[in-house]
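What follows is the content of my_file_29.cif (mmCIF, C-alpha atoms).
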```cif
data_start
#
loop_
_atom_site.label_atom_id
_atom_site.label_comp_id
_atom_site.auth_asym_id
_atom_site.auth_seq_id
_atom_site.Cartn_x
_atom_site.Cartn_y
_atom_site.Cartn_z
CA MET C 1 15.99 -27.50 -11.21
CA THR C 2 18.09 -24.75 -12.68
CA VAL C 3 17.59 -21.12 -11.71
CA ILE C 4 16.22 -20.38 -15.17
CA GLY C 5 13.89 -23.39 -15.08
CA LYS C 6 12.56 -22.30 -11.72
CA TYR C 7 11.11 -19.01 -12.95
CA PHE C 8 10.58 -19.49 -16.68
CA LYS C 9 8.14 -22.35 -16.91
CA PRO C 10 6.53 -22.83 -20.33
CA LYS C 11 3.10 -21.53 -19.29
CA ILE C 12 4.66 -18.36 -17.92
CA VAL C 13 6.57 -17.80 -21.13
CA VAL C 14 3.30 -18.13 -23.05
CA ILE C 15 1.59 -15.55 -20.86
CA LEU C 16 4.50 -13.12 -21.06
CA SER C 17 4.79 -13.42 -24.80
CA PHE C 18 1.05 -12.80 -25.11
CA LEU C 19 1.49 -9.47 -23.36
CA TRP C 20 4.81 -8.36 -24.77
CA CYS C 21 4.87 -9.71 -28.28
CA THR C 22 1.40 -8.77 -29.49
CA SER C 23 2.34 -6.25 -32.09
CA CYS C 24 1.90 -2.57 -31.39
CA TYR C 25 0.05 -0.42 -33.89
CA TYR C 26 0.21 3.33 -34.45
CA GLU C 27 -3.14 4.07 -36.04
CA ASN C 28 -5.65 6.90 -35.85
CA GLU C 29 -9.27 7.05 -36.94
CA GLU C 30 -8.70 9.99 -39.33
CA ASP C 31 -6.22 8.02 -41.43
CA LEU C 32 -8.14 4.74 -41.17
CA TYR C 33 -11.66 6.02 -41.84
CA GLY C 34 -11.26 9.58 -43.14
CA SER C 35 -11.89 12.87 -41.35
CA LEU C 36 -14.61 12.65 -38.71
CA ILE C 37 -16.19 15.90 -39.89
CA GLU C 38 -16.37 14.65 -43.48
CA THR C 39 -17.85 11.28 -42.56
CA CYS C 40 -20.38 12.67 -40.09
CA ASP C 41 -23.47 13.42 -42.18
CA LEU C 42 -25.59 16.09 -40.48
CA THR C 43 -27.70 17.14 -43.46
CA GLU C 44 -30.96 15.34 -42.75
CA ILE C 45 -31.39 14.44 -39.13
CA THR C 46 -34.88 13.22 -38.23
CA TYR C 47 -36.28 11.90 -34.98
CA GLY C 48 -37.75 8.83 -36.66
CA ILE C 49 -34.52 7.62 -38.24
CA GLU C 50 -31.26 8.95 -36.75
CA VAL C 51 -32.20 10.11 -33.27
CA LYS C 52 -34.35 7.09 -32.43
CA ALA C 53 -31.68 4.67 -33.67
CA LEU C 54 -29.03 6.43 -31.66
CA LEU C 55 -31.12 6.44 -28.48
CA ASN C 56 -31.82 2.74 -28.99
CA THR C 57 -28.13 1.96 -29.28
CA HIS C 58 -26.92 3.99 -26.32
CA CYS C 59 -29.78 4.84 -23.95
CA THR C 60 -32.88 2.66 -23.98
CA VAL C 61 -31.26 -0.41 -22.42
CA CYS C 62 -32.01 1.42 -19.16
CA HIS C 63 -34.24 4.32 -20.26
CA SER C 64 -37.14 2.54 -21.97
CA THR C 65 -40.79 2.52 -20.90
CA SER C 66 -40.37 -0.97 -19.48
CA SER C 67 -36.98 -0.67 -17.78
CA ALA C 68 -36.82 2.96 -16.62
CA ALA C 69 -38.71 2.37 -13.38
CA SER C 70 -36.26 -0.29 -12.19
CA ILE C 71 -32.87 0.68 -13.63
CA GLY C 72 -33.34 4.00 -15.44
CA ALA C 73 -34.24 6.42 -12.62
CA ASN C 74 -37.72 6.72 -14.16
CA ILE C 75 -36.34 8.65 -17.12
CA VAL C 76 -38.02 7.37 -20.29
CA LEU C 77 -36.39 8.22 -23.62
CA ASP C 78 -38.22 5.95 -26.09
CA ASP C 79 -41.32 8.13 -26.16
CA TYR C 80 -41.25 11.45 -28.03
CA ALA C 81 -43.40 13.36 -25.51
CA LEU C 82 -41.31 12.21 -22.55
CA LEU C 83 -38.02 12.74 -24.39
CA SER C 84 -39.06 16.35 -25.20
CA LYS C 85 -39.11 17.14 -21.49
CA TYR C 86 -35.38 16.40 -21.23
CA VAL C 87 -34.63 18.22 -24.48
CA ASP C 88 -36.37 21.36 -23.21
CA ASN C 89 -34.81 21.43 -19.76
CA GLY C 90 -31.33 20.83 -21.23
CA LYS C 91 -30.72 17.61 -19.31
CA LEU C 92 -30.34 15.44 -22.41
CA MET C 93 -27.47 17.48 -23.87
CA GLY C 94 -25.99 18.21 -20.44
CA SER C 95 -25.78 14.50 -19.69
CA ILE C 96 -24.37 13.29 -22.99
CA ASN C 97 -21.86 16.18 -23.09
CA HIS C 98 -20.78 15.31 -19.51
CA GLU C 99 -21.33 18.93 -18.42
CA SER C 100 -20.89 19.70 -14.75
CA GLY C 101 -24.15 19.76 -12.83
CA TYR C 102 -25.61 16.97 -14.97
CA GLN C 103 -25.50 13.18 -14.70
CA ALA C 104 -22.77 12.04 -17.09
CA MET C 105 -24.28 9.49 -19.50
CA PRO C 106 -23.83 6.72 -20.53
CA LYS C 107 -22.81 5.47 -17.12
CA SER C 108 -19.88 3.44 -18.46
CA GLY C 109 -17.89 6.66 -18.16
CA ALA C 110 -17.04 7.15 -21.84
CA LYS C 111 -18.81 9.81 -23.91
CA LEU C 112 -20.83 8.98 -27.01
CA PRO C 113 -18.92 9.30 -30.31
CA ALA C 114 -18.57 12.97 -31.32
CA CYS C 115 -20.64 12.38 -34.46
CA ASP C 116 -23.59 11.00 -32.44
CA ILE C 117 -23.54 13.99 -30.08
CA ALA C 118 -23.42 16.32 -33.11
CA LYS C 119 -26.47 14.54 -34.59
CA VAL C 120 -28.56 15.03 -31.45
CA GLN C 121 -27.45 18.67 -31.21
CA THR C 122 -28.35 19.28 -34.86
CA TRP C 123 -31.81 17.73 -34.37
CA ILE C 124 -32.41 19.98 -31.33
CA ASP C 125 -31.08 23.07 -33.16
CA ASN C 126 -33.55 22.31 -35.99
CA GLY C 127 -36.45 22.41 -33.53
CA ALA C 128 -36.45 18.84 -32.17
CA SER C 129 -39.54 17.98 -34.19
CA ASN C 130 -41.33 14.63 -34.22
CA ASP C 131 -40.55 13.73 -37.84
CA MET D 1 48.17 -55.07 26.03
CA ALA D 2 47.81 -53.96 22.47
CA HIS D 3 44.10 -53.47 23.01
CA GLN D 4 44.70 -51.13 25.97
CA MET D 5 47.11 -49.11 23.87
CA THR D 6 44.56 -48.59 21.06
CA SER D 7 41.92 -47.42 23.57
CA ARG D 8 44.29 -44.81 24.94
CA ILE D 9 45.04 -43.51 21.48
CA TYR D 10 41.35 -43.22 20.75
CA ILE D 11 40.67 -41.28 23.91
CA TYR D 12 43.58 -39.02 23.13
CA LEU D 13 42.36 -38.38 19.60
CA LEU D 14 38.81 -37.74 20.79
CA GLY D 15 40.07 -35.25 23.33
CA MET D 16 42.13 -33.47 20.67
CA PHE D 17 39.07 -33.32 18.39
CA PHE D 18 36.87 -31.64 20.98
CA PHE D 19 39.61 -29.25 21.86
CA CYS D 20 40.09 -28.24 18.25
CA VAL D 21 36.40 -27.84 17.53
CA ALA D 22 35.89 -25.64 20.57
CA ASP D 23 38.86 -23.58 19.54
CA ALA D 24 37.66 -23.20 15.93
CA GLN D 25 34.15 -22.26 17.08
CA GLU D 26 35.44 -19.45 19.19
CA ASP D 27 37.40 -18.13 16.23
CA LEU D 28 34.38 -18.27 13.89
CA GLU D 29 32.10 -16.55 16.35
CA SER D 30 34.50 -13.72 16.89
CA LEU D 31 34.92 -13.37 13.12
CA LEU D 32 31.14 -13.22 12.60
CA ASP D 33 30.78 -10.63 15.32
CA GLU D 34 33.35 -8.42 13.68
CA LEU D 35 32.40 -8.78 10.02
CA ALA D 36 28.69 -9.42 9.63
CA PRO D 37 26.41 -8.38 12.48
CA LEU D 38 23.29 -9.53 10.56
CA PRO D 39 22.87 -11.43 7.30
CA PRO D 40 20.89 -9.47 4.63
CA GLN D 41 17.15 -10.02 5.09
CA GLU D 42 14.33 -9.28 2.70
CA VAL D 43 12.21 -6.29 3.77
CA MET D 44 8.59 -7.35 4.21
CA ALA D 45 5.29 -5.43 3.99
CA THR D 46 6.42 -2.29 2.20
CA PHE D 47 2.71 -1.71 1.52
CA LYS D 48 -0.40 -3.40 2.90
CA SER D 49 -1.75 -4.44 -0.50
CA GLY D 50 -1.02 -4.76 -4.21
CA LYS D 51 -2.32 -1.25 -4.92
CA VAL D 52 -1.59 2.09 -3.23
CA ILE D 53 -5.07 3.20 -4.35
CA ASN D 54 -5.13 2.67 -8.12
CA LEU D 55 -1.39 2.39 -8.67
CA HIS D 56 0.44 -0.96 -8.36
CA THR D 57 2.81 -1.37 -5.41
CA ASN D 58 5.72 -3.81 -5.22
CA GLU D 59 3.54 -6.23 -3.21
CA ARG D 60 2.28 -9.35 -4.96
CA VAL D 61 -0.03 -12.22 -4.10
CA ALA D 62 1.97 -15.06 -2.52
CA ALA D 63 2.58 -18.26 -4.50
CA GLY D 64 -0.54 -20.43 -4.67
CA ASN D 65 -2.82 -17.71 -3.29
CA LEU D 66 -5.81 -16.20 -5.04
CA GLU D 67 -6.84 -12.67 -4.20
CA MET D 68 -10.22 -11.22 -5.03
CA ARG D 69 -10.28 -7.44 -5.33
CA ILE D 70 -13.54 -5.53 -5.63
CA SER D 71 -13.28 -1.81 -6.31
CA HIS D 72 -15.97 0.84 -6.52
CA ARG D 73 -15.86 4.53 -7.41
CA PHE D 74 -18.99 6.55 -6.88
CA GLY D 75 -20.28 9.66 -8.65
CA ARG D 76 -19.05 13.23 -8.16
CA LEU D 77 -19.21 14.66 -4.65
CA ASN D 78 -20.59 17.91 -6.10
CA GLY D 79 -23.76 16.06 -7.18
CA GLY D 80 -25.25 17.35 -3.93
CA ALA D 81 -27.80 15.81 -1.58
CA TYR D 82 -30.11 14.81 -4.48
CA GLU D 83 -27.45 12.32 -5.69
CA LEU D 84 -26.42 11.62 -2.08
CA TRP D 85 -23.04 13.18 -2.99
CA GLY D 86 -22.45 10.63 -5.72
CA LEU D 87 -23.43 7.44 -3.89
CA ASP D 88 -26.32 6.82 -6.30
CA GLN D 89 -23.94 5.98 -9.11
CA SER D 90 -21.02 3.62 -9.16
CA THR D 91 -18.30 2.33 -11.42
CA ILE D 92 -16.88 -1.08 -10.62
CA ARG D 93 -13.89 -3.31 -11.23
CA ILE D 94 -13.81 -6.96 -10.14
CA GLY D 95 -10.43 -8.62 -10.25
CA LEU D 96 -8.72 -11.90 -9.45
CA ASP D 97 -4.96 -12.06 -8.82
CA TYR D 98 -3.04 -15.32 -8.53
CA GLY D 99 0.53 -15.96 -7.38
CA LEU D 100 2.32 -18.41 -9.70
CA SER D 101 5.53 -18.19 -7.70
CA ASP D 102 6.91 -15.91 -5.01
CA ARG D 103 8.20 -13.64 -7.75
CA LEU D 104 5.47 -13.83 -10.34
CA ALA D 105 1.78 -12.97 -10.11
CA ILE D 106 -0.91 -12.64 -12.76
CA GLY D 107 -4.28 -10.93 -12.64
CA LEU D 108 -7.50 -10.58 -14.59
CA GLY D 109 -10.22 -8.00 -14.22
CA ARG D 110 -13.43 -6.66 -15.65
CA ASN D 111 -14.31 -2.96 -15.55
CA SER D 112 -17.66 -1.32 -16.08
CA TYR D 113 -15.62 1.60 -17.51
CA LYS D 114 -15.75 1.05 -21.30
CA LYS D 115 -16.59 -2.60 -20.52
CA ILE D 116 -12.86 -3.27 -20.35
CA TYR D 117 -11.32 -6.67 -19.67
CA ASP D 118 -7.79 -6.29 -18.32
CA GLY D 119 -4.95 -8.64 -17.60
CA PHE D 120 -1.54 -8.12 -16.05
CA VAL D 121 1.71 -9.85 -15.19
CA LYS D 122 3.70 -8.65 -12.19
CA TYR D 123 7.28 -9.82 -11.80
CA SER D 124 9.64 -9.10 -8.93
CA ILE D 125 13.09 -8.26 -10.31
CA VAL D 126 14.81 -7.56 -6.98
CA SER D 127 13.69 -7.05 -3.40
CA GLN D 128 14.84 -4.49 -0.85
CA LYS D 129 17.07 -6.01 1.86
CA ASN D 130 18.21 -4.88 5.28
CA ASN D 131 21.94 -4.22 4.89
CA GLY D 132 21.52 -5.01 1.20
CA PHE D 133 19.87 -3.69 -1.94
CA PRO D 134 18.08 -0.42 -1.09
CA LEU D 135 15.03 -0.78 -3.40
CA SER D 136 12.38 -3.23 -4.49
CA MET D 137 11.99 -3.33 -8.28
CA VAL D 138 8.87 -4.90 -9.77
CA GLY D 139 7.83 -4.90 -13.43
CA VAL D 140 4.15 -4.74 -14.33
CA SER D 141 2.80 -5.28 -17.84
CA SER D 142 -0.88 -4.88 -18.45
CA ILE D 143 -3.22 -5.03 -21.37
CA ALA D 144 -6.73 -3.56 -21.59
CA ILE D 145 -9.36 -4.79 -24.04
CA ASN D 146 -12.20 -2.33 -24.67
CA SER D 147 -15.28 -4.47 -25.31
CA LEU D 148 -17.79 -1.69 -26.08
CA ARG D 149 -19.61 -2.11 -29.39
CA PHE D 150 -17.69 -0.32 -32.13
CA ALA D 151 -18.87 3.27 -32.55
CA ASP D 152 -19.64 2.68 -36.21
CA GLU D 153 -20.33 -0.94 -37.07
CA THR D 154 -20.68 -0.23 -40.79
CA ARG D 155 -17.00 0.56 -41.30
CA GLU D 156 -14.24 -2.02 -41.15
CA ASN D 157 -13.21 -2.45 -37.50
CA TYR D 158 -10.19 -4.32 -36.17
CA PHE D 159 -9.76 -6.22 -32.92
CA ARG D 160 -6.34 -4.58 -32.42
CA SER D 161 -8.07 -1.19 -32.15
CA ARG D 162 -9.52 -2.31 -28.82
CA LEU D 163 -6.12 -2.86 -27.19
CA THR D 164 -4.11 -0.55 -24.95
CA TYR D 165 -0.88 -1.56 -23.26
CA VAL D 166 0.73 -0.25 -20.09
CA HIS D 167 4.25 -1.14 -18.96
CA GLN D 168 5.40 -0.02 -15.52
CA LEU D 169 8.48 -0.30 -13.34
CA VAL D 170 7.70 -0.01 -9.64
CA LEU D 171 10.66 1.34 -7.64
CA ALA D 172 9.63 1.09 -3.99
CA ARG D 173 11.49 1.67 -0.75
CA LYS D 174 10.41 1.12 2.83
CA PHE D 175 12.17 3.94 4.65
CA SER D 176 10.94 2.94 8.10
CA ASP D 177 8.17 0.91 9.69
CA ARG D 178 5.86 3.84 9.05
CA LEU D 179 6.97 5.40 5.78
CA SER D 180 7.12 3.74 2.33
CA LEU D 181 7.44 5.58 -0.98
CA GLU D 182 7.46 4.47 -4.59
CA LEU D 183 8.21 5.95 -8.00
CA VAL D 184 6.54 4.30 -10.99
CA PRO D 185 7.73 5.27 -14.48
CA SER D 186 4.99 4.05 -16.84
CA TRP D 187 4.42 3.81 -20.57
CA VAL D 188 0.91 3.78 -22.04
CA HIS D 189 0.39 2.75 -25.66
CA TYR D 190 -2.86 3.10 -27.60
CA ASN D 191 -3.16 1.04 -30.78
CA LEU D 192 -5.86 3.41 -32.06
CA VAL D 193 -6.29 7.10 -31.27
CA THR D 194 -8.88 9.51 -32.66
CA THR D 195 -6.85 12.05 -34.62
CA ALA D 196 -3.39 12.25 -36.17
CA THR D 197 -2.28 14.79 -33.54
CA ASP D 198 -3.18 12.50 -30.60
CA GLN D 199 -0.32 10.75 -28.83
CA SER D 200 -0.28 6.97 -29.33
CA ASP D 201 2.41 6.74 -26.68
CA ILE D 202 1.97 8.54 -23.37
CA PRO D 203 4.78 8.26 -20.81
CA VAL D 204 3.53 8.80 -17.28
CA LEU D 205 5.58 9.42 -14.16
CA ALA D 206 3.61 8.24 -11.16
CA ALA D 207 4.45 8.30 -7.47
CA GLY D 208 2.78 6.97 -4.36
CA GLY D 209 3.35 6.42 -0.69
CA ARG D 210 1.95 5.54 2.68
CA ILE D 211 2.35 6.59 6.29
CA LYS D 212 1.22 4.16 8.96
CA VAL D 213 -0.69 5.86 11.74
CA SER D 214 -1.29 2.67 13.74
CA LYS D 215 -0.61 -1.05 13.42
CA ARG D 216 -3.67 -1.59 11.23
CA VAL D 217 -4.24 1.81 9.61
CA SER D 218 -2.23 3.77 7.08
CA ILE D 219 -2.78 6.93 5.03
CA ASN D 220 -1.98 6.61 1.33
CA ALA D 221 -1.61 9.03 -1.56
CA GLU D 222 -0.65 8.83 -5.22
CA TYR D 223 -0.19 11.19 -8.16
CA SER D 224 0.57 10.64 -11.81
CA TYR D 225 2.02 13.14 -14.26
CA ARG D 226 1.50 12.66 -18.01
CA ILE D 227 4.31 13.71 -20.34
CA GLN D 228 3.19 15.58 -23.45
CA PHE D 229 5.20 15.64 -26.70
CA ASN D 230 2.58 17.26 -28.87
CA ASP D 231 0.85 20.46 -27.68
CA ASP D 232 -2.19 19.68 -29.85
CA ALA D 233 -2.71 16.15 -28.53
CA ALA D 234 -6.40 16.19 -27.57
CA ASN D 235 -6.08 12.87 -25.74
CA ILE D 236 -3.84 14.71 -23.26
CA ASN D 237 -5.40 18.18 -23.25
CA ASP D 238 -8.93 16.85 -22.63
CA PHE D 239 -7.92 14.94 -19.49
CA TYR D 240 -6.31 15.65 -16.13
CA ASP D 241 -3.57 14.10 -13.99
CA SER D 242 -4.83 11.58 -11.48
CA PHE D 243 -4.54 12.36 -7.78
CA SER D 244 -5.91 10.20 -4.97
CA VAL D 245 -5.73 10.09 -1.18
CA GLY D 246 -7.01 7.25 0.96
CA VAL D 247 -6.86 5.11 4.06
CA ASP D 248 -5.94 1.41 4.36
CA ILE D 249 -7.58 -0.56 7.15
CA GLU D 250 -6.38 -4.10 7.77
CA THR D 251 -8.71 -6.57 9.47
CA GLY D 252 -7.72 -10.24 9.47
CA GLY D 253 -7.68 -11.55 5.91
CA HIS D 254 -9.15 -8.34 4.47
CA VAL D 255 -7.70 -5.01 3.54
CA PHE D 256 -10.22 -2.19 3.17
CA GLN D 257 -9.09 0.81 1.21
CA LEU D 258 -11.24 3.95 1.28
CA GLN D 259 -10.31 6.86 -0.95
CA PHE D 260 -11.10 10.18 -2.60
CA THR D 261 -9.95 10.44 -6.20
CA ASN D 262 -10.58 12.39 -9.39
CA SER D 263 -10.29 9.16 -11.44
CA LEU D 264 -13.34 7.07 -12.22
CA PRO D 265 -11.60 4.24 -14.09
CA MET D 266 -9.59 1.77 -12.00
CA VAL D 267 -7.67 0.06 -14.81
CA GLU D 268 -4.11 1.31 -15.50
CA MET D 269 -4.68 2.94 -18.90
CA GLY D 270 -7.86 4.52 -17.53
CA PHE D 271 -6.71 6.36 -14.43
CA LEU D 272 -3.25 7.19 -15.84
CA THR D 273 -4.45 8.79 -19.07
CA GLU D 274 -8.27 9.07 -19.07
CA THR D 275 -9.06 10.91 -15.86
CA ASN D 276 -11.67 13.48 -16.84
CA ASP D 277 -12.45 15.14 -13.52
CA GLN D 278 -10.66 17.90 -11.68
CA TRP D 279 -10.21 18.27 -7.92
CA SER D 280 -10.46 22.05 -8.16
CA ALA D 281 -13.83 21.80 -9.96
CA GLY D 282 -15.33 19.45 -7.36
CA GLY D 283 -14.85 16.41 -9.59
CA ILE D 284 -13.98 14.19 -6.65
CA HIS D 285 -15.21 10.63 -6.26
CA PHE D 286 -15.46 8.58 -3.10
CA GLY D 287 -14.53 4.94 -3.51
CA PHE D 288 -13.31 1.76 -1.90
CA ASN D 289 -11.30 -1.39 -2.64
CA ILE D 290 -11.83 -4.61 -0.70
CA THR D 291 -9.47 -7.55 -0.98
CA ARG D 292 -9.78 -11.10 0.29
CA GLU D 293 -7.08 -13.71 -0.08
CA PHE D 294 -7.76 -17.44 -0.48
CA VAL D 295 -5.04 -20.08 -0.05
CA LEU D 296 -5.40 -22.53 -2.92
CA LYS D 297 -2.05 -24.34 -2.72
CA HIS D 298 0.42 -24.69 0.12
#
```
Using the file provided, produce a representation of the structure as structure tokens.
Amino acid sequence: MTVIGKYFKPKIVVILSFLWCTSCYYENEEDLYGSLIETCDLTEITYGIEVKALLNTHCTVCHSTSSAASIGANIVLDDYALLSKYVDNGKLMGSINHESGYQAMPKSGAKLPACDIAKVQTWIDNGASND
Amino acid sequence: MAHQMTSRIYIYLLGMFFFCVADAQEDLESLLDELAPLPPQEVMATFKSGKVINLHTNERVAAGNLEMRISHRFGRLNGGAYELWGLDQSTIRIGLDYGLSDRLAIGLGRNSYKKIYDGFVKYSIVSQKNNGFPLSMVGVSSIAINSLRFADETRENYFRSRLTYVHQLVLARKFSDRLSLELVPSWVHYNLVTTATDQSDIPVLAAGGRIKVSKRVSINAEYSYRIQFNDDAANINDFYDSFSVGVDIETGGHVFQLQFTNSLPMVEMGFLTETNDQWSAGGIHFGFNITREFVLKH
């Protein structure tokens, strides 16, 4: 076997080319989808529509009435009365903003998209009503 | 008569042969003694495992071996007694590395951080030798696939936006039985960044090392420095450089690595460029890596 044949078997070449030859892109979300501030609509934020949907996407896998006791540290976020408790004591915003002194959420380590955080903040600033 | 003659010639020739061989051997031995006291030998065990803590070392899984690596990083130490100093939360990476040849290893992993799948290829370019080449050079290419749901599923999303590449060159040297150091110039490329001022390419200069304190225990440390081209790049300003210190403990087929680090992610693109805690602010995480090697092929 030649020296080249010894190290560059076909399957290895396939793996290497997968890693090195996949084309690189230089893209950013502003150019692809428009400015984040422009596309983030904060005019009518209601608990019933935006906030609930957002909590369902990001939080209630663990923090629902049925799952909180086992995997959600008993923190229930799919019930307005229970959610209000965490709005009032600042833990909801502290956690999703990853502020020090609060549990950073979600646990995957990455923050929610800026627009989603802005929506929750706007709802709270408007009085966090059950609408 | 003739027969006797031939026998004598044979004996004579045989005697000459032995004489010559003995003579030549003496010459060769003396030459070897003078010119090459030891033939160049590959330096083994520069590090105990394939990672210093998060950073790749020059060590690879041997050909035909499969290594399972389980890594955990817990919550912040400053969470206090209520969070048991972070032990209530954990981030995990499970990885499998396989040695295709003595020079080439591949690995796959899954991270709870951003639900990332990662894969890498590690190729030994040259090894450090006693009385020979002074460094080990190993190339590492890795790819990370973010598998979180897209932030906005209503807009047109592309698979390529999930990909981040990291290319690294590990330059390692075993200075003595106790001390090994490495320098790892790295290049991180994001296919998609958030704003136009963010850096798609982030060069990182990383360094690591170990000091053995006993046959089975060593103290390790690593640091990585991100290079900024654009002062407004939020994807650099919002994060910190990664710094970790730890201990390696070797027991039979296992290596236990215990560490303190400000990086939660354990995948290359994560700890090099997305470390969002600060040592000075108490953003320190306890963690461990455990490896176990299985021999699949002899």
| query | So, counting all atoms listed in the file, which residue among C:Ile124, C:Leu82, C:Ile117, C:Ala110 is closest to chain D? | reply | C:Ala110
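Atom CA of Arg178 of chain D is found 18.5 Å from atom CA of Asn131 of chain D.
Going from atom CA of Ser129 of chain C over to atom CA of Thr46 of chain C, you cover 7.8 Å.
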| What lies within 8 Å of Thr122 of chain C using only C-alpha atoms, ignoring chain neighbours under 3 positions off, as a list of chain:residue names? |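 Final neighbour list, sorted by chain and number: C:Leu42, C:Ile45, C:Ala118, C:Lys119, C:Asp125, C:Asn126.
With the cut-off set to 6 Å and only C-alpha atoms counted, chain D residues close to chain C are Ser112, Tyr113, Lys114, Asn191, Leu192, Val193, Thr194, Thr195 and Ala196 of chain D.
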| message | Residues within 6 Å of segment 282-285 of chain D, please, as a list of chain:residue names. Count all atoms listed in the file; anything in the same chain fewer than 6 positions from it doesn't count. | response |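 Near neighbours after the sequence-gap exclusion: D:Phe74, D:Gly75, D:Arg76, D:Leu77, D:Asn78, D:Phe260, D:Thr261, D:Asn262.
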| task | Skip Val188 of chain D itself and residues of its chain fewer than 3 positions away, then list as a PyMOL selection string all residues within 12 Å of it, counting all atoms listed in the file. | result | (chain C and resi 24) or (chain D and resi 140-144+163-168+185+191+199-205+226-227+236+267-274)
| query | Between atom CA of Ser242 of chain D and atom CA of Tyr225 of chain D, what is the spacing in Å? | reply |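 Between atom CA of Tyr225 of chain D and atom CA of Ser242 of chain D the gap works out to 7.6 Å.
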